Structure formats: C-alpha cells, structure tokens
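Engineer: Handing over model25.tsv, TSV, C-alpha atoms.
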chain	number	residue	atom	x	y	z
A	64	MET	CA	198.88	-26.65	-16.30
A	65	ALA	CA	196.79	-27.95	-13.45
A	66	THR	CA	198.25	-27.18	-10.06
A	67	THR	CA	197.75	-28.83	-6.71
A	68	ASP	CA	196.16	-27.01	-3.79
A	69	THR	CA	199.17	-27.77	-1.60
A	70	PRO	CA	202.61	-26.72	-2.92
A	71	GLN	CA	205.19	-29.49	-2.86
A	72	LEU	CA	207.74	-27.23	-1.14
A	73	SER	CA	206.19	-25.48	1.84
A	74	SER	CA	208.78	-25.76	4.61
A	75	LEU	CA	211.83	-23.51	4.92
A	76	ARG	CA	213.52	-26.48	6.61
A	77	SER	CA	213.17	-28.72	3.57
A	78	PRO	CA	216.58	-30.09	2.49
A	79	ARG	CA	215.95	-28.75	-1.04
A	80	VAL	CA	215.18	-25.28	0.27
A	81	ILE	CA	218.17	-25.24	2.62
A	82	ALA	CA	220.51	-26.39	-0.17
A	83	ALA	CA	219.17	-23.76	-2.57
A	84	ARG	CA	219.44	-20.99	0.02
A	85	LYS	CA	223.11	-21.84	0.65
A	86	LEU	CA	223.88	-21.05	-3.00
A	87	ALA	CA	223.81	-17.37	-2.08
A	88	ARG	CA	227.42	-17.97	-0.98
A	89	ARG	CA	230.14	-18.18	-3.63
A	90	ALA	CA	232.00	-20.92	-1.78
A	91	GLN	CA	228.89	-23.10	-1.73
A	92	ARG	CA	228.24	-22.49	-5.41
A	93	GLY	CA	231.77	-23.56	-6.18
A	94	LYS	CA	231.50	-26.65	-4.01
A	95	ASP	CA	228.18	-27.78	-5.47
A	96	ARG	CA	228.87	-26.41	-8.97
A	97	ARG	CA	225.31	-25.15	-9.00
A	98	PHE	CA	223.62	-21.75	-9.08
A	99	LEU	CA	220.17	-20.19	-9.22
A	100	ALA	CA	218.59	-18.42	-12.19
A	101	GLU	CA	215.60	-16.28	-11.21
A	102	GLY	CA	212.68	-15.07	-13.28
A	103	PRO	CA	210.84	-16.46	-16.31
A	104	GLN	CA	213.29	-15.16	-18.92
A	105	ALA	CA	216.34	-16.70	-17.25
A	106	VAL	CA	214.52	-19.96	-16.53
A	107	ARG	CA	213.27	-20.17	-20.11
A	108	GLU	CA	216.77	-19.73	-21.51
A	109	ALA	CA	218.15	-22.24	-19.02
A	110	VAL	CA	215.60	-24.85	-20.07
A	111	ASN	CA	216.26	-24.13	-23.75
A	112	PHE	CA	220.02	-24.49	-23.22
A	113	GLY	CA	219.58	-28.24	-23.13
A	114	LEU	CA	222.36	-30.69	-22.34
A	115	LEU	CA	225.87	-30.02	-21.07
A	116	PRO	CA	228.85	-31.89	-22.56
A	117	ASP	CA	228.54	-34.58	-19.87
A	118	GLY	CA	224.99	-35.34	-20.99
A	119	GLU	CA	223.29	-33.74	-17.98
A	120	HIS	CA	220.65	-31.07	-18.52
A	121	ALA	CA	221.74	-27.57	-17.55
A	122	VAL	CA	218.72	-27.34	-15.22
A	123	VAL	CA	218.51	-29.61	-12.19
A	124	GLU	CA	215.02	-28.54	-11.04
A	125	VAL	CA	212.55	-25.69	-11.43
A	126	TYR	CA	210.71	-24.24	-8.41
A	127	LEU	CA	207.70	-21.97	-8.82
A	128	THR	CA	204.55	-20.84	-7.10
A	129	PRO	CA	201.19	-22.26	-8.27
A	130	GLU	CA	200.31	-18.82	-9.63
A	131	ALA	CA	203.56	-18.68	-11.63
A	132	ALA	CA	202.88	-22.20	-12.90
A	133	GLU	CA	199.55	-21.03	-14.29
A	134	ARG	CA	201.11	-17.88	-15.73
A	135	HIS	CA	203.99	-19.70	-17.43
A	136	ALA	CA	202.32	-22.95	-18.42
A	137	GLU	CA	204.30	-23.21	-21.66
A	138	LEU	CA	207.57	-22.93	-19.74
A	139	VAL	CA	206.50	-25.63	-17.31
A	140	ALA	CA	205.56	-27.86	-20.25
A	141	ALA	CA	208.93	-27.27	-21.92
A	142	ALA	CA	210.80	-28.13	-18.72
A	143	ARG	CA	208.85	-31.33	-18.24
A	144	ALA	CA	209.30	-32.27	-21.88
A	145	ALA	CA	213.05	-31.91	-21.35
A	146	GLY	CA	212.89	-34.22	-18.33
A	147	VAL	CA	213.48	-31.43	-15.83
A	148	PRO	CA	211.60	-31.89	-12.52
A	149	VAL	CA	209.16	-29.04	-11.75
A	150	LEU	CA	208.10	-28.47	-8.14
A	151	THR	CA	205.55	-25.98	-6.86
A	152	ALA	CA	206.47	-23.93	-3.80
A	153	THR	CA	204.92	-21.36	-1.50
A	154	ASP	CA	205.62	-17.66	-1.91
A	155	GLU	CA	207.57	-17.85	1.35
A	156	VAL	CA	209.86	-20.58	0.03
A	157	ILE	CA	210.52	-18.76	-3.25
A	158	ALA	CA	211.26	-15.53	-1.37
A	159	ASP	CA	213.63	-17.43	0.93
A	160	ILE	CA	215.81	-18.83	-1.83
A	161	CYS	CA	215.73	-15.86	-4.22
A	162	ASP	CA	218.11	-12.90	-4.13
A	163	THR	CA	215.56	-10.30	-5.25
A	164	VAL	CA	213.32	-8.29	-2.95
A	165	THR	CA	210.25	-9.02	-5.08
A	166	PRO	CA	210.73	-12.45	-6.72
A	167	GLN	CA	208.78	-13.28	-9.87
A	168	GLY	CA	207.71	-16.64	-8.49
A	169	ILE	CA	209.98	-18.89	-10.52
A	170	VAL	CA	213.60	-20.00	-10.14
A	171	ALA	CA	215.75	-22.71	-11.70
A	172	LEU	CA	218.48	-24.67	-9.95
A	173	CYS	CA	221.20	-24.94	-12.60
A	174	ARG	CA	224.52	-26.68	-13.10
A	175	PHE	CA	227.66	-24.69	-13.87
A	176	LEU	CA	228.02	-24.24	-17.61
A	177	ASP	CA	231.21	-22.23	-18.15
A	178	THR	CA	233.42	-23.28	-21.07
A	179	PRO	CA	237.14	-24.14	-20.74
A	180	PHE	CA	239.26	-21.38	-22.26
A	181	ALA	CA	240.93	-23.94	-24.53
A	182	GLU	CA	237.52	-24.69	-26.05
A	183	VAL	CA	236.89	-20.99	-26.65
A	184	LEU	CA	240.17	-20.76	-28.59
A	185	LYS	CA	239.51	-23.99	-30.46
A	186	ALA	CA	236.33	-22.47	-31.89
A	187	ARG	CA	238.44	-19.74	-33.58
A	188	PRO	CA	236.53	-16.76	-32.14
A	189	LYS	CA	236.27	-13.54	-34.11
A	190	LEU	CA	234.89	-11.30	-31.37
A	191	VAL	CA	235.59	-11.76	-27.65
A	192	ALA	CA	234.97	-9.62	-24.57
A	193	VAL	CA	237.55	-10.06	-21.81
A	194	LEU	CA	236.60	-8.74	-18.38
A	195	ALA	CA	239.74	-8.02	-16.38
A	196	ASN	CA	239.31	-7.22	-12.70
A	197	VAL	CA	235.62	-6.39	-13.11
A	198	ARG	CA	234.26	-6.67	-9.58
A	199	ASP	CA	230.69	-5.41	-9.88
A	200	PRO	CA	228.31	-8.30	-10.69
A	201	GLY	CA	225.77	-6.01	-12.33
A	202	ASN	CA	228.43	-4.68	-14.70
A	203	ALA	CA	229.67	-8.17	-15.50
A	204	GLY	CA	226.19	-9.43	-16.29
A	205	THR	CA	225.37	-6.37	-18.38
A	206	VAL	CA	228.56	-6.68	-20.44
A	207	LEU	CA	227.76	-10.35	-20.99
A	208	ARG	CA	224.31	-9.38	-22.24
A	209	THR	CA	225.84	-6.70	-24.47
A	210	ALA	CA	228.38	-9.15	-25.91
A	211	ASP	CA	225.56	-11.56	-26.68
A	212	ALA	CA	223.54	-8.83	-28.41
A	213	ALA	CA	226.57	-7.75	-30.47
A	214	GLY	CA	227.09	-11.32	-31.67
A	215	ALA	CA	230.34	-11.94	-29.80
A	216	ASP	CA	231.65	-15.50	-29.87
A	217	ALA	CA	232.67	-15.65	-26.21
A	218	VAL	CA	233.22	-13.78	-22.97
A	219	VAL	CA	236.21	-14.35	-20.68
A	220	LEU	CA	236.22	-13.44	-16.98
A	221	THR	CA	239.74	-13.26	-15.60
A	222	ASP	CA	240.67	-14.75	-12.26
A	223	ALA	CA	240.45	-11.34	-10.58
A	224	SER	CA	236.88	-10.72	-11.75
A	225	VAL	CA	233.55	-11.30	-10.05
A	226	ASP	CA	231.96	-14.75	-9.89
A	227	LEU	CA	230.00	-15.46	-13.07
A	228	TYR	CA	227.28	-17.15	-11.02
A	229	ASN	CA	226.75	-14.30	-8.56
A	230	PRO	CA	222.94	-13.84	-8.44
A	231	LYS	CA	223.20	-10.21	-9.53
A	232	ALA	CA	225.44	-11.13	-12.47
A	233	VAL	CA	223.08	-13.90	-13.55
A	234	ARG	CA	220.11	-11.56	-13.28
A	235	ALA	CA	221.85	-8.71	-15.16
A	236	SER	CA	222.68	-11.05	-18.04
A	237	VAL	CA	218.91	-11.52	-18.59
A	238	GLY	CA	219.42	-15.03	-19.94
A	239	SER	CA	222.48	-14.26	-22.09
A	240	LEU	CA	224.55	-16.43	-19.75
A	241	PHE	CA	222.91	-19.35	-21.54
A	242	HIS	CA	223.58	-18.05	-25.07
A	243	LEU	CA	227.34	-17.89	-25.57
A	244	PRO	CA	230.47	-19.55	-24.21
A	245	VAL	CA	231.91	-17.96	-21.06
A	246	ALA	CA	235.35	-18.91	-19.73
A	247	VAL	CA	236.15	-18.07	-16.12
A	248	GLY	CA	239.20	-17.85	-13.86
A	249	VAL	CA	241.72	-17.19	-16.65
A	250	PRO	CA	244.73	-15.06	-15.67
A	251	VAL	CA	244.72	-11.93	-17.80
A	252	GLU	CA	248.27	-12.59	-19.00
A	253	GLN	CA	247.27	-16.04	-20.22
A	254	ALA	CA	244.09	-14.79	-21.84
A	255	VAL	CA	245.90	-12.10	-23.83
A	256	ALA	CA	248.85	-14.30	-24.81
A	257	GLU	CA	246.74	-17.21	-26.00
A	258	LEU	CA	244.27	-15.02	-27.87
A	259	ARG	CA	247.12	-13.33	-29.69
A	260	ALA	CA	248.69	-16.71	-30.46
A	261	ALA	CA	245.33	-17.72	-31.98
A	262	GLY	CA	245.47	-14.75	-34.34
A	263	VAL	CA	243.14	-12.48	-32.38
A	264	ARG	CA	244.10	-8.82	-32.08
A	265	VAL	CA	243.71	-7.67	-28.47
A	266	LEU	CA	242.54	-4.12	-27.85
A	267	ALA	CA	242.46	-2.59	-24.38
A	268	ALA	CA	239.53	-0.20	-23.96
A	269	ASP	CA	240.78	2.63	-21.78
A	270	GLY	CA	240.48	6.39	-21.57
A	271	ALA	CA	244.28	6.62	-21.63
A	272	GLY	CA	244.43	5.11	-25.11
A	273	ARG	CA	246.85	6.48	-27.69
A	274	ARG	CA	244.29	5.89	-30.43
A	275	ASP	CA	240.56	6.44	-30.40
A	276	LEU	CA	237.77	4.28	-31.72
A	277	ASP	CA	237.05	6.63	-34.62
A	278	GLN	CA	240.60	6.09	-35.91
A	279	GLU	CA	240.18	2.33	-35.72
A	280	LEU	CA	236.93	2.57	-37.70
A	281	ASP	CA	238.35	5.00	-40.26
A	282	GLU	CA	241.33	2.74	-40.92
A	283	GLY	CA	239.29	-0.46	-41.05
A	284	THR	CA	241.36	-2.21	-38.41
A	285	LEU	CA	238.38	-3.73	-36.60
A	286	ALA	CA	237.36	-6.08	-39.40
A	287	GLY	CA	239.64	-8.90	-38.27
A	288	PRO	CA	239.33	-11.17	-35.23
A	289	THR	CA	239.34	-8.93	-32.16
A	290	ALA	CA	239.24	-9.28	-28.38
A	291	TRP	CA	238.29	-6.23	-26.32
A	292	LEU	CA	239.84	-5.99	-22.87
A	293	PHE	CA	237.63	-4.15	-20.35
A	294	GLY	CA	238.74	-3.11	-16.88
A	295	ASN	CA	237.33	-2.13	-13.54
A	296	GLU	CA	234.57	0.50	-13.53
A	297	ALA	CA	236.34	2.67	-10.95
A	298	TRP	CA	239.98	2.60	-12.02
A	299	GLY	CA	240.03	1.05	-15.48
A	300	LEU	CA	242.95	-1.07	-16.62
A	301	PRO	CA	246.29	-0.87	-14.81
A	302	GLU	CA	249.33	0.07	-16.88
A	303	GLU	CA	250.75	-3.45	-16.81
A	304	THR	CA	247.53	-4.84	-18.25
A	305	ARG	CA	247.32	-2.18	-20.94
A	306	ALA	CA	250.89	-3.05	-21.92
A	307	LEU	CA	249.81	-6.60	-22.76
A	308	ALA	CA	247.44	-5.48	-25.52
A	309	ASP	CA	248.25	-4.83	-29.16
A	310	GLU	CA	246.75	-1.37	-28.83
A	311	VAL	CA	245.04	0.78	-26.20
A	312	VAL	CA	241.93	2.43	-27.62
A	313	ARG	CA	239.78	5.14	-26.08
A	314	VAL	CA	236.15	5.85	-26.86
A	315	PRO	CA	236.09	9.50	-27.99
A	316	ILE	CA	234.14	11.89	-25.80
A	317	HIS	CA	232.63	14.53	-28.09
A	318	GLY	CA	230.65	16.28	-25.38
A	319	HIS	CA	231.43	17.34	-21.84
A	320	ALA	CA	230.96	14.02	-20.01
A	321	GLU	CA	233.95	12.99	-17.96
A	322	SER	CA	233.74	9.39	-19.11
A	323	LEU	CA	231.45	6.49	-20.03
A	324	ASN	CA	230.51	3.74	-17.64
A	325	LEU	CA	231.84	0.25	-18.28
A	326	ALA	CA	228.72	-1.24	-19.85
A	327	THR	CA	228.23	1.70	-22.22
A	328	ALA	CA	231.87	1.71	-23.31
A	329	ALA	CA	231.70	-2.05	-23.88
A	330	ALA	CA	228.58	-1.65	-26.01
A	331	VAL	CA	230.20	1.02	-28.17
A	332	CYS	CA	233.37	-1.02	-28.72
A	333	LEU	CA	231.71	-4.38	-29.33
A	334	TYR	CA	229.18	-2.96	-31.76
A	335	ALA	CA	231.92	-1.11	-33.64
A	336	SER	CA	233.72	-4.42	-34.14
A	337	ALA	CA	230.49	-6.22	-35.00
A	338	ARG	CA	229.67	-3.70	-37.71
A	339	GLU	CA	233.11	-3.92	-39.29
A	340	GLN	CA	233.20	-7.70	-39.15
A	341	ARG	CA	229.81	-7.97	-40.85
A	342	SER	CA	230.64	-5.54	-43.63
A	343	PRO	CA	231.43	-6.99	-47.10
A	344	ALA	CA	235.16	-6.80	-46.36
A	345	GLY	CA	234.88	-8.07	-42.80
A	346	CYS	CA	236.09	-11.46	-41.59
A	347	ARG	CA	232.62	-12.85	-40.95
A	348	GLU	CA	231.40	-12.22	-44.49
A	349	SER	CA	234.55	-13.07	-46.38
A	350	GLY	CA	235.48	-16.14	-44.41
A	351	THR	CA	239.06	-14.87	-44.20
A	352	GLU	CA	241.41	-17.39	-42.60
A	353	ARG	CA	243.65	-16.24	-39.80
Would you encode the structure as structure tokens?
Structural biologist:
Amino acid sequence: MATTDTPQLSSLRSPRVIAARKLARRAQRGKDRRFLAEGPQAVREAVNFGLLPDGEHAVVEVYLTPEAAERHAELVAAARAAGVPVLTATDEVIADICDTVTPQGIVALCRFLDTPFAEVLKARPKLVAVLANVRDPGNAGTVLRTADAAGADAVVLTDASVDLYNPKAVRASVGSLFHLPVAVGVPVEQAVAELRAAGVRVLAADGAGRRDLDQELDEGTLAGPTAWLFGNEAWGLPEETRALADEVVRVPIHGHAESLNLATAAAVCLYASAREQRSPAGCRESGTER
C-alpha cells in the first residue's frame, strides 16, 4: 500500500479523534454503541466478521500509522475491499485513542455486535460459558478466548459482569470476540432458567462442589448439551447462584495448590465438555436431539 507523507489524522482536536477517545468510558460506549479494537489480530478479525444483521459492517473505520499501513498491507486491502474506510494517523493520535501503553499502530472503530440471548437459545447451543459476576475485564476476555478455542457455541455475560467492550476485555479476547455469539446483560436467574428450559444442563464450577470433574467424566455426563457457570475470581459463586444449577462441580486439586484461577478452571471445564461432546457417543457426533 502506498501511503501519503501527511497522515490524514494529525490533530488531537479532530472530531474523529475526540469521539474515539471518549469510548474509553463505558457510558459513552453504551450511548454510541461503538468500541475500539486494538492491534492487527483484533482488527483483522473485526474486518473478517463482515456484516451485522442490520446490514452494516462491524467495522466503522480503521485508523493506523503509515508504518503500520506498510506492515499490514493485506489487512488494509481487505478492509478497503469490504468498503471500510481506512485513515492514516500520527503516532500521537493512535497513542491518544488507544488503551495500551505501547500501541501497535492500528485500531478499528467497531459497532456493538453482541447477540440477543433469545438468538443464542434459538441456535440450540451444546456448549455455553456463562460468566456470573465476573468483574475483571482481563478474566472475561480470556474466558471468551478459551470458550472460542474449546468450540463453545456462545458466551453469556450476566448483568452483574464486566462490560464486554471494555478495552482490556476486548484485548484479552485476542479477536475471539468476533468469532462466537456473546449475549450480555442477562440476569443469572434468567440465563439458568432459560438454558435449562432449552434442554441444556447447567453446571456451576465452584470449589465447594459436591461432585468433581473426574466423576463427571467417568460417568459420561458431559456428553450432552452443557452450560458452565463461572463466578467471580475472588469469591466464586454465591450460594444462591450455585443453588440455581443442576449440579455444582469442582475441579479436583491433586497437588498442593490452594485453587485454580478463573481462566484456568474455565479452560479445564470447557475442554472436558468439548472432549466428551466430540467423542463417538457425544451429542455433536451423534446428532442427538434434545
């Protein structure tokens, strides 16, 4: 890609730059229904996401330094081919609108793309991660990435959880935000009740579980449609939330560690379900109806 000597965005007082900078605040993101995705991997996945149900592209605009434009010429070409405006900007402008200390020189202004919970249920999901009262954006983004890697059908963030579009959550998802449906703002009681009504077994992952994950695997109970309920990193799931689930399951600790962190526990649980569901007797291979 040929670049111009003078970046198109060079003033911190530009209306575009001011509007993008304001998206650091959750209230502004909610008002505009827009967020920023930083770095080449996130921008690439955003561009590849394509159109939203309303026919608009997920990406409003891409901003990048001339050096980044040269470095990621194929990404710039893909954005332009999709009809997404691409604007060059100075290092100062990119640093001003990005959340990271050392930006990678490229950021996409994106439209909200969360999926209504009713649509998640309509798709008859077989593996779902439900984040209940997860407040740390890095944890939320990492669990989203883990769910994507495990082949989950959806992620649900309850109304007490962190904002999906928090810059740290977006960054921690490493592009997975653009790969699978994510429902937000669902009360945990509603999420559990409606998943169960849809034939999905709901398991609460908690160290206080009566059963452990090894028992679930030994008995083959993870082969059917399953939703894993994950709680806050610091205090886990409250008793009233655990009581909503079909079963409370703990990840066994075979060594001397006090516990596992949220993202690690989520990975263990989701991959256990993924393995069972993809076995010859699992619901994904057999096509078993619920």
Engineer: When you count all atoms listed in the file, which of these residues is closest to Arg338 of chain A: A:Glu137, A:Gly113, A:Leu194, A:Gly214?
Structural biologist: A:Gly214
Engineer: For each of A:Tyr126, A:Trp298, A:Phe293, A:Phe175, take the minimum atom-to-atom distance to Val245 of chain A, counting only C-alpha atoms, then give the residue where this is smallest.
Structural biologist: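 Among A:Tyr126, A:Trp298, A:Phe293, A:Phe175, it is A:Phe175 that comes nearest to Val245 of chain A.
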Engineer: Report as a PyMOL selection string all protein, DNA and RNA residues lying within 12 Å of Ala306 of chain A, evaluated on all atoms listed in the file, omitting residues in the same chain fewer than 6 positions from it.
Structural biologist: chain A and resi 251-252+255-256+265-269+271-273+292+300+312
Engineer: Kindly give the distance, in Å, that separates atom CA of Pro200 of chain A and atom CA of Ala105 of chain A, rounded to a single decimal.
Structural biologist: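 So the answer is 16.0 Å.
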Engineer: Of the candidates A:Val249, A:Gln71, A:Ala215, A:Ser77, which one gets nearest to Trp291 of chain A if we count only C-alpha atoms?
Structural biologist: A:Ala215
Engineer: To one decimal place in Å, what is the distance between atom CA of Ser322 of chain A and atom CA of Asp309 of chain A?
Structural biologist: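 Interatomic distance, atom CA of Ser322 of chain A to atom CA of Asp309 of chain A: 22.7 Å.
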Engineer: Quick one: residues within 12 Å of Leu150 of chain A, all atoms listed in the file, excluding same-chain residues fewer than 2 positions away - as number ranges by chain?
Structural biologist: A: 66-67, 69-73, 79-80, 123-129, 131-132, 139, 142-143, 147-148, 152-153, 156-157, 168-172
Engineer: Just want the 12 Å neighbourhood of Ala181 of chain A, counted on only C-alpha atoms, with same-chain residues fewer than 2 positions away dropped. Output as a PyMOL selection string.
Structural biologist: chain A and resi 177-179+183-188+217+219+244-247+249+253-254+257-258+261
Engineer: Could you save the residues just selected, with C-alpha atoms, as a compact mmCIF listing (two decimals), in the coordinates of the input?
Structural biologist:
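What ended up in selection.txt:
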# COMPACT_ATOMS: atom_id res chain seq x y z
CA ASP A 177 231.21 -22.23 -18.15
CA THR A 178 233.42 -23.28 -21.07
CA PRO A 179 237.14 -24.14 -20.74
CA VAL A 183 236.89 -20.99 -26.65
CA LEU A 184 240.17 -20.76 -28.59
CA LYS A 185 239.51 -23.99 -30.46
CA ALA A 186 236.33 -22.47 -31.89
CA ARG A 187 238.44 -19.74 -33.58
CA PRO A 188 236.53 -16.76 -32.14
CA ALA A 217 232.67 -15.65 -26.21
CA VAL A 219 236.21 -14.35 -20.68
CA PRO A 244 230.47 -19.55 -24.21
CA VAL A 245 231.91 -17.96 -21.06
CA ALA A 246 235.35 -18.91 -19.73
CA VAL A 247 236.15 -18.07 -16.12
CA VAL A 249 241.72 -17.19 -16.65
CA GLN A 253 247.27 -16.04 -20.22
CA ALA A 254 244.09 -14.79 -21.84
CA GLU A 257 246.74 -17.21 -26.00
CA LEU A 258 244.27 -15.02 -27.87
CA ALA A 261 245.33 -17.72 -31.98
Engineer: Quick one: everything within 10 Å of Ala141 of chain A, counting only C-alpha atoms, minus sequence neighbours fewer than 5 positions away in the same chain. Send it as a short mmCIF file (atom, residue, chain, number, x, y, z; two decimals) with C-alpha atoms, in the coordinates of the input.
Structural biologist:
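Done, and the output landed in result.cif:
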data_model
loop_
_atom_site.label_atom_id
_atom_site.label_comp_id
_atom_site.auth_asym_id
_atom_site.auth_seq_id
_atom_site.Cartn_x
_atom_site.Cartn_y
_atom_site.Cartn_z
CA ARG A 107 213.27 -20.17 -20.11
CA VAL A 110 215.60 -24.85 -20.07
CA ASN A 111 216.26 -24.13 -23.75
CA ALA A 136 202.32 -22.95 -18.42
CA GLY A 146 212.89 -34.22 -18.33
CA VAL A 147 213.48 -31.43 -15.83
#
Engineer: Looking at A:Thr209, A:Gln104, A:Thr304, A:Asn295, which one is nearest to Cys332 of chain A, with distances taken over only C-alpha atoms?
Structural biologist: A:Thr209
Engineer: Atom CA of Ala223 of chain A to atom CA of Val193 of chain A: how many Å, to one decimal?
Structural biologist: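 Atom-to-atom, atom CA of Ala223 of chain A and atom CA of Val193 of chain A are spaced 11.7 Å apart.
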Engineer: Quick one: residues within 10 Å of Lys189 of chain A, only C-alpha atoms, excluding same-chain residues fewer than 3 positions away - as a list of chain:residue names?
Structural biologist: A:Leu184, A:Ala186, A:Gly214, A:Ala215, A:Asp216, A:Ala217, A:Gly262, A:Val263, A:Arg264, A:Ala286, A:Gly287, A:Pro288, A:Thr289, A:Ala290, A:Ser336, A:Ala337, A:Gln340, A:Cys346, A:Arg347, A:Arg353
Engineer: Between A:Ala195, A:Asp277, A:Val314, A:Gly283, which residue has the minimum interatomic distance to Pro301 of chain A, considering all atoms listed in the file?
Structural biologist: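 Using all atoms listed in the file, the shortest distance to Pro301 of chain A belongs to A:Ala195.
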Engineer: When you count only C-alpha atoms, which of these residues is closest to Ala235 of chain A: A:Glu101, A:Glu182, A:Glu108, A:Asp281?
Structural biologist: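 The closest residue to Ala235 of chain A is A:Glu101.
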